[in-house]
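Note sheet for the following structure.
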Amino acid sequence: HIKGTAIITGSPIYGQTLQSNIVNGNSKQTADIVWYRISGDTETQIATGADYTISQAKDIGAKLKVVYSGTGSYAGQISVETDTIKKAEVTAPLNALSNDTSAAVSDTTIQLQLPKADKATGLGLTEKFIVGYSLTEGGVPIEYREDGKVVSFYPSESTNNPGNNTVTLKNFQRNTKYYIFLRYAETTTHYKSDWSSIPGRSRGNAGIHRACARR
């Protein structure tokens, strides 16, 4: 029989590569290696070989199992499971709102031209931004909402918005200074990013609105 203990190394997070191996086994033994996705009571074969890159949205929320089945003169199986697969963490937007990208439309609205998506993050062109605002430059941003729901916007020059994407934020208080922030919205494969964190400034006067982008 095949002997030893199956192990998996690597983080159970979307986008990461897991490596499997057998320790304390017979160096001459041979085996077929198959990966399965465990979702509830269902096991689905998803790959073969010692390594597996977590690249399917269906993997998130499930567990993965690797099975070593002995071949040749070696019978039996050895297996091990991962913890539940989690979404990936992504970095905050790298492209800040730059000077002169915001302007007043009325006493209660500000218009913003959103930056491009960041190629350096490896995120796709279908990503969306969430806009946040605060009354202080170092404050915790509040996510911008319309009709009680958080609104997300495509970056400029994205798949769904090939040109410059200019958005209008509504229902601000006049004669008030605001600071504007950006983060990536949550998707099926990654969580929301942190808010952008390096200050860059742009001006918008709806009353005395000031948009300060941090990246």
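If you're wondering about the labels, chains in the structure tokens are A, B, ... by order shown, residues count from 1 in each chain, ligands from 1 in order shown.
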Assign secondary structure with DSSP using the backbone only, and return the residues of stretch 22-169 of chain A in helix (DSSP H, G or I) as a VMD selection string. chain A and resid 57 to 59 119 to 121
Selection near A:Gly61, 7 Å with only C-alpha atoms, sequence-local residues under 2 positions removed, as a list in words: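 Counting only the stated atoms, we get Asp59, Lys63, Thr84, Ile85 and Lys86 of chain A.
For the residues A:Gln45, A:Thr71, A:Thr126, A:Ser20, ranking by smallest atom-to-atom distance to A:Thr188 using only C-alpha atoms places A:Thr126 first.
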Distance query A:Asp32 at most 10 Å, only C-alpha atoms, self and fewer than 2 positions along chain excluded, as a PyMOL selection string: chain A and resi 30+34+48-50+67-71+77
Please provide the set of residues having any atom within 10 Å of A:Ser158, restricted to only C-alpha atoms, with same-chain residues fewer than 6 positions apart removed, written as a count of residues only. 10
Hey, what's within 6 Å of A:Ile2 if we count only C-alpha atoms and toss same-chain stuff fewer than 3 positions away? As a PyMOL selection string, please? chain A and resi 70+74-76
Distance query A:Leu182 at most 7 Å, only C-alpha atoms, self and fewer than 5 positions along chain excluded, as a PyMOL selection string: chain A and resi 93+129-132+195-196
Could you save the residues just selected, with all heavy atoms, as a compact mmCIF listing (two decimals), in the first residue's frame?
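See out.txt below for the written result:
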# COMPACT_ATOMS: atom_id res chain seq x y z
N PRO A 93 -6.39 51.48 -5.02
CA PRO A 93 -6.07 52.05 -6.33
C PRO A 93 -4.77 52.84 -6.32
O PRO A 93 -4.50 53.61 -5.39
CB PRO A 93 -7.27 52.98 -6.60
CG PRO A 93 -8.39 52.37 -5.82
CD PRO A 93 -7.75 51.82 -4.57
N PHE A 129 -14.79 51.07 -9.26
CA PHE A 129 -14.41 51.87 -8.11
C PHE A 129 -15.63 52.14 -7.24
O PHE A 129 -16.75 52.27 -7.73
CB PHE A 129 -13.87 53.24 -8.55
CG PHE A 129 -12.51 53.21 -9.19
CD1 PHE A 129 -12.30 53.86 -10.40
CD2 PHE A 129 -11.44 52.58 -8.59
CE1 PHE A 129 -11.06 53.86 -11.00
CE2 PHE A 129 -10.19 52.57 -9.18
CZ PHE A 129 -10.00 53.23 -10.39
N ILE A 130 -15.38 52.27 -5.94
CA ILE A 130 -16.34 52.88 -5.02
C ILE A 130 -15.74 54.21 -4.60
O ILE A 130 -14.55 54.30 -4.29
CB ILE A 130 -16.59 51.99 -3.79
CG1 ILE A 130 -17.35 50.72 -4.21
CG2 ILE A 130 -17.38 52.74 -2.72
CD1 ILE A 130 -17.53 49.73 -3.09
N VAL A 131 -16.55 55.25 -4.61
CA VAL A 131 -16.11 56.58 -4.19
C VAL A 131 -16.50 56.78 -2.73
O VAL A 131 -17.60 56.40 -2.30
CB VAL A 131 -16.76 57.68 -5.05
CG1 VAL A 131 -16.35 59.07 -4.56
CG2 VAL A 131 -16.36 57.50 -6.52
N GLY A 132 -15.59 57.34 -1.95
CA GLY A 132 -15.87 57.66 -0.56
C GLY A 132 -15.62 59.13 -0.30
O GLY A 132 -14.94 59.80 -1.07
N TRP A 195 -8.99 51.92 1.19
CA TRP A 195 -9.09 53.22 0.53
C TRP A 195 -7.70 53.65 0.09
O TRP A 195 -6.70 53.33 0.74
CB TRP A 195 -9.67 54.27 1.47
CG TRP A 195 -11.10 54.01 1.84
CD1 TRP A 195 -11.58 53.52 3.01
CD2 TRP A 195 -12.24 54.22 0.99
NE1 TRP A 195 -12.94 53.41 2.96
CE2 TRP A 195 -13.39 53.83 1.74
CE3 TRP A 195 -12.42 54.69 -0.30
CZ2 TRP A 195 -14.67 53.90 1.22
CZ3 TRP A 195 -13.71 54.77 -0.82
CH2 TRP A 195 -14.82 54.37 -0.07
N SER A 196 -7.63 54.40 -1.00
CA SER A 196 -6.35 54.93 -1.45
C SER A 196 -5.78 55.80 -0.35
O SER A 196 -6.50 56.45 0.39
CB SER A 196 -6.53 55.71 -2.75
OG SER A 196 -7.62 56.60 -2.65
Point-to-point distance in Å for atom CA of A:Thr168 and atom CA of A:Asp147: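 Between atom CA of A:Asp147 and atom CA of A:Thr168 the gap works out to 14.4 Å.
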Quick one: of A:Ile180, A:Val23, A:Val140, A:Ala185, who's nearest to A:Ser152, counting only C-alpha atoms? A:Ala185
